[in-house]
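What follows is a set of notes on a single structure, which appears directly below.
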Amino acid sequence: MATELMPGRKRFTSGSVAADLGLVAWFVFSLFPIVWMVLLSLKSKAEQTTTYFRFSPTLANFHTVLSDSGRAVTSVDFKHALVTSVVNSGGAVLVSLVIGIPAAYAAGRWRFRGSENLLFTMLSFRFAPELMVIVPLFVVYNQIGLFDTKVGQIWVLQLVTMPLVVWILRSYFQDLPPDLEQAALLDGYSRRRAFVMVALPMVRPGIAASALLAFIFAWNNYVFPLILTDSNATTVTVAISKFLGGGGQAYYNLTAAAALIGALPPLALALTIQRYLVRGLSFGAVKA
Amino acid sequence: MTTTVSGRTRGQAPPGGAPEGDGPPAVPAWRRKARPYLLSVPAVAIIVGIMYPFVLGAYYSVLDYSATNPAPSFVGLDNFRSVVTSPEFWGSVRFTLVFAVLATVVETALGVGVALLLNRSSIVGRIFEKVLILPLMIAPVIAGVIWKLMYNPQFGILNHVFGLGSTFDFLSREHALYSVVLVDLWTYTPFVAILVLAGIRSLPREPFEASEVDGASWFYMFRRLMLPMMWPYILVAVIFRFMDCLKIFDIIQVLTQGGPGTATRSLQVGAFEDSITNFNYSRGSTYMFILWAIVYLAANYLVKVLGRAQRRAAGAED
């Protein structure tokens with residue numbers, strides 16, 4: 001049975017059946033919480049505390065969460081939070097792309113003094129404890145009026161999105177043979193046109209993958225809006241956590257419905273960029 | 001499919017450097033030299049903008065700044081002295097380190113296991129591979145919320161399914177650490193698994209075929225062939241996981257808010273409590289400065305280990 005380890009070999013044997021059983025166990029564990037969230041979100045108020053799998057499903061919870069009556073229950077304007085999440089995450093990604101693509105190109109094409117420092121400073125943002133930056137920002141934002149604003153959120157989210165965009169795209173630009181741009185230059189293209197017409201289209205998958213991944217991480221972020229926003233620029237993640245303690249009463253079904261709505265956009269996006277996930281999640285370190 | 005680990009970023013610019021256009025219009029040399037710097041200017045501006053609060057935070061740690069003391073004065077290392085003499089702080093350090101080591105070890109072991117199974121498995125594996133990353137893409141807060149609902153002693157599904165009754169509390173003082181680890185590993189084991197799986201798929205087949213001919217055992221091949229070649233991939237996953245575990249916040253904030261008592265008060269949760277809940281900015285910043293030092297040291301050490309493993313793996317592949 002030594003062939004079991006062989007990379008890429010797949011045959012139907014007793015060994016593979018055993019592996020399948022192990023996998024089934026993992027996936028029951030892995031998917032059950034999601035399934036349970038879906039079931040709970042479909043339960044009525046009367047049934048929300050039951051642990052049965054059979055009940056009369058209702059979509060009322062989603063309606064409540066997204067409507068004013070839900071707002072009355074938990075004092076969370078979920079619809080507003082959804083819009084804010086889209087604006088904040090989208091805005092943060094856009095800023096990161098506009099600023100990050102040139103930097104990634106420079107760092108991928110040329111080795112210039114300070115390029116390594118630039119990259120590693122970016123990477124250190126990814127690993128720095130968030131509160132180290134947020135505590136002072138909490139004070140500063142309150143002084144300069146950026147507290148509880150979308151602009152303030154987009155700015156602080158650069159901490160999440162910028163390193164991701166720059167590192168992933170640099171690895172794509174590095175993989176691009178310089179000859180292509182060279183040829184364009186010989187054809188009389190200007191440097192800028194060679195970049196826009198030749199290099200940029202070639203790394204389109206990288207741009208899409210890094211943008212979507214950055215969007216997911218910005219969307220999933222909790223600590224920035226938790227500390228730096230109140231009701232005006234609060235996001236889905238914070239809104240969901242408020243459902244949990246809503247008014248001292250338990251709203252398990254509403255909480256589950258809110259959690260499901262908040263989880264859907266990242267899940268949908270992740271499935272579309274699955275091919276690029278490994279490279280993206282490892283900041284370009286593992287190229288699959 | 002070509003898969004490589006390129007941690008050796010230093011000196012990786014393409015051979016021959018960048019294409020330098022000599023075609024018309026001729027670009028003066030100084031402009032060519034300045035180009036990468038000009039392109040990086042906006043990014044540097046962002047970095048400076050982020051570094052500013054970072055430096056400000058370090059500055060707060062030597063002040064006595066709080067919402068009740070808006071005109072702070074310099075107190076030197078008083079904050080550090082008061083922090084390192086408080087049992088609360090050491091509780092936070094202990095919890096953070098225990099959690100980070102435990103979660104990283106379990107997630108790595110499980111992730112490698114799942115990757116090996118996915119590599120071995122037949123049709124089932126191909127279907128599961130698609131949904132493997134779902135928990136990873138759900139926000140950690142939402143993961144916390146889901147599990148908090150399931151952990152509920154009275155109405156939670158877990159107590160019901162496992163017949164634990166309503167007296168067993170997953171989030172009690174004794175169990176809270178493990179319950180937090182469980183949520184963390186539910187979320188992040190897929191991260192390790194997809195990295196390792198990409199690694200396994202990139203391995204050359206020849207050494208495996210050769211040792212199969214030699215009649216090597218399953219375990220021998222795993223231990224002597226696969227593991228050494230896989231090590232760089234595993235280490236990349238370990239680095240990401242360990243660093244992130246040191247900063248654990250979201251999941252705990254939702255599940256226990258650092259409780260019961262201070263049982264799950266990680267360093268970031270402690271800093272949140274001090275600086276945001278209690279408005280003592282200086283004390284929170286002191287916590288963060290110490291955590292930052294821990295993260296920095298751990299990162300340096302792990303990256304060194306990774307470099308060594310990559311060189312060894314490169315040797316093993318030859």
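Identifiers in the structure tokens: chain A, B, ... in order shown; residue index from 1 per chain; ligand index from 1 in order shown.
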Please return as an MDAnalysis selection string: the residues of stretch 67-253 of chain A that backbone DSSP assigns to alpha helix (DSSP H).
-> chainID A and resid 68:74 78:109 115:127 130:144 150:175 178:186 191:194 200:202 204:220 223:228 236:244 252:253
With a distance cut-off of 9 Å and only C-alpha atoms, select the neighbouring residues of stretch 18-27 of chain A, excluding the residue or stretch itself and same-chain residues fewer than 3 positions from it, and output the selection as a PyMOL selection string.
-> (chain A and resi 13-15+30-32) or (chain B and resi 114+116-118+120-125+128+131-132)
How would the residues just picked look written out with N, CA and C atoms as a PDB file, in the first residue's frame?
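What landed in result.pdb:
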ATOM      1  N   THR A  13      -9.465   1.811  -4.150  1.00  0.00           N
ATOM      2  CA  THR A  13      -8.981   0.639  -3.431  1.00  0.00           C
ATOM      3  C   THR A  13      -9.544   0.660  -2.017  1.00  0.00           C
ATOM      4  N   SER A  14      -9.209  -0.375  -1.236  1.00  0.00           N
ATOM      5  CA  SER A  14      -9.677  -0.398   0.147  1.00  0.00           C
ATOM      6  C   SER A  14      -9.085   0.782   0.910  1.00  0.00           C
ATOM      7  N   GLY A  15      -7.865   1.143   0.536  1.00  0.00           N
ATOM      8  CA  GLY A  15      -7.247   2.304   1.179  1.00  0.00           C
ATOM      9  C   GLY A  15      -8.012   3.569   0.920  1.00  0.00           C
ATOM     10  N   SER A  30     -17.180  19.700   9.816  1.00  0.00           N
ATOM     11  CA  SER A  30     -16.930  20.983   9.183  1.00  0.00           C
ATOM     12  C   SER A  30     -18.204  21.672   8.699  1.00  0.00           C
ATOM     13  N   LEU A  31     -19.138  20.879   8.212  1.00  0.00           N
ATOM     14  CA  LEU A  31     -20.326  21.486   7.620  1.00  0.00           C
ATOM     15  C   LEU A  31     -21.502  21.581   8.586  1.00  0.00           C
ATOM     16  N   PHE A  32     -21.470  20.774   9.661  1.00  0.00           N
ATOM     17  CA  PHE A  32     -22.615  20.773  10.555  1.00  0.00           C
ATOM     18  C   PHE A  32     -22.959  22.156  11.105  1.00  0.00           C
TER      19      PHE A  32
ATOM     20  N   VAL B 114      -6.059  15.988   6.895  1.00  0.00           N
ATOM     21  CA  VAL B 114      -7.128  16.186   5.909  1.00  0.00           C
ATOM     22  C   VAL B 114      -6.529  16.254   4.499  1.00  0.00           C
ATOM     23  N   LEU B 116      -3.756  14.831   3.438  1.00  0.00           N
ATOM     24  CA  LEU B 116      -3.360  13.479   3.022  1.00  0.00           C
ATOM     25  C   LEU B 116      -4.584  12.684   2.587  1.00  0.00           C
ATOM     26  N   LEU B 117      -5.671  12.816   3.343  1.00  0.00           N
ATOM     27  CA  LEU B 117      -6.891  12.087   3.000  1.00  0.00           C
ATOM     28  C   LEU B 117      -7.444  12.557   1.654  1.00  0.00           C
ATOM     29  N   LEU B 118      -7.448  13.879   1.460  1.00  0.00           N
ATOM     30  CA  LEU B 118      -7.975  14.404   0.202  1.00  0.00           C
ATOM     31  C   LEU B 118      -7.131  13.937  -0.973  1.00  0.00           C
ATOM     32  N   ARG B 120      -5.545  11.159  -1.123  1.00  0.00           N
ATOM     33  CA  ARG B 120      -5.683   9.720  -1.295  1.00  0.00           C
ATOM     34  C   ARG B 120      -7.071   9.337  -1.796  1.00  0.00           C
ATOM     35  N   SER B 121      -8.033  10.127  -1.367  1.00  0.00           N
ATOM     36  CA  SER B 121      -9.421   9.734  -1.554  1.00  0.00           C
ATOM     37  C   SER B 121      -9.832   9.763  -3.019  1.00  0.00           C
ATOM     38  N   SER B 122     -10.907   9.051  -3.325  1.00  0.00           N
ATOM     39  CA  SER B 122     -11.364   8.994  -4.710  1.00  0.00           C
ATOM     40  C   SER B 122     -12.417  10.055  -4.998  1.00  0.00           C
ATOM     41  N   ILE B 123     -13.600   9.628  -5.392  1.00  0.00           N
ATOM     42  CA  ILE B 123     -14.630  10.572  -5.819  1.00  0.00           C
ATOM     43  C   ILE B 123     -15.054  11.495  -4.679  1.00  0.00           C
ATOM     44  N   VAL B 124     -15.205  10.902  -3.490  1.00  0.00           N
ATOM     45  CA  VAL B 124     -15.662  11.678  -2.340  1.00  0.00           C
ATOM     46  C   VAL B 124     -14.781  12.898  -2.130  1.00  0.00           C
ATOM     47  N   GLY B 125     -13.472  12.662  -2.234  1.00  0.00           N
ATOM     48  CA  GLY B 125     -12.527  13.751  -2.019  1.00  0.00           C
ATOM     49  C   GLY B 125     -12.718  14.884  -2.995  1.00  0.00           C
ATOM     50  N   PHE B 128     -15.635  16.897  -1.848  1.00  0.00           N
ATOM     51  CA  PHE B 128     -15.387  17.628  -0.604  1.00  0.00           C
ATOM     52  C   PHE B 128     -14.402  18.774  -0.785  1.00  0.00           C
ATOM     53  N   VAL B 131     -15.902  22.201  -0.971  1.00  0.00           N
ATOM     54  CA  VAL B 131     -16.504  22.863   0.183  1.00  0.00           C
ATOM     55  C   VAL B 131     -15.547  22.965   1.368  1.00  0.00           C
ATOM     56  N   LEU B 132     -14.327  22.463   1.174  1.00  0.00           N
ATOM     57  CA  LEU B 132     -13.351  22.450   2.265  1.00  0.00           C
ATOM     58  C   LEU B 132     -13.154  23.824   2.892  1.00  0.00           C
TER      59      LEU B 132
END
In Å, how far is it from atom CA of A:Thr121 to atom CA of A:Leu94?
->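 Computing the Euclidean distance for atom CA of A:Thr121 and atom CA of A:Leu94 yields 20.7 Å.
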Residue nearest B:Leu136 among B:Pro190, B:Gly156, B:Pro42, B:Gly258 (counting only C-alpha atoms) |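 Result for the nearest residue to B:Leu136: B:Pro190.
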With only C-alpha atoms as the basis for distance, which of A:Val278, A:Ile34, A:Met122, A:Leu42 is at the shortest distance from B:Ile142?
-> A:Ile34
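The closest residue to B:Glu129, picked from B:Gly113, B:Pro87, B:Ala193, B:Glu174 and counting only C-alpha atoms, is B:Ala193.
Taking atom CA of A:Val165 as the reference point, atom CA of B:Ile50 is found at 16.1 Å.
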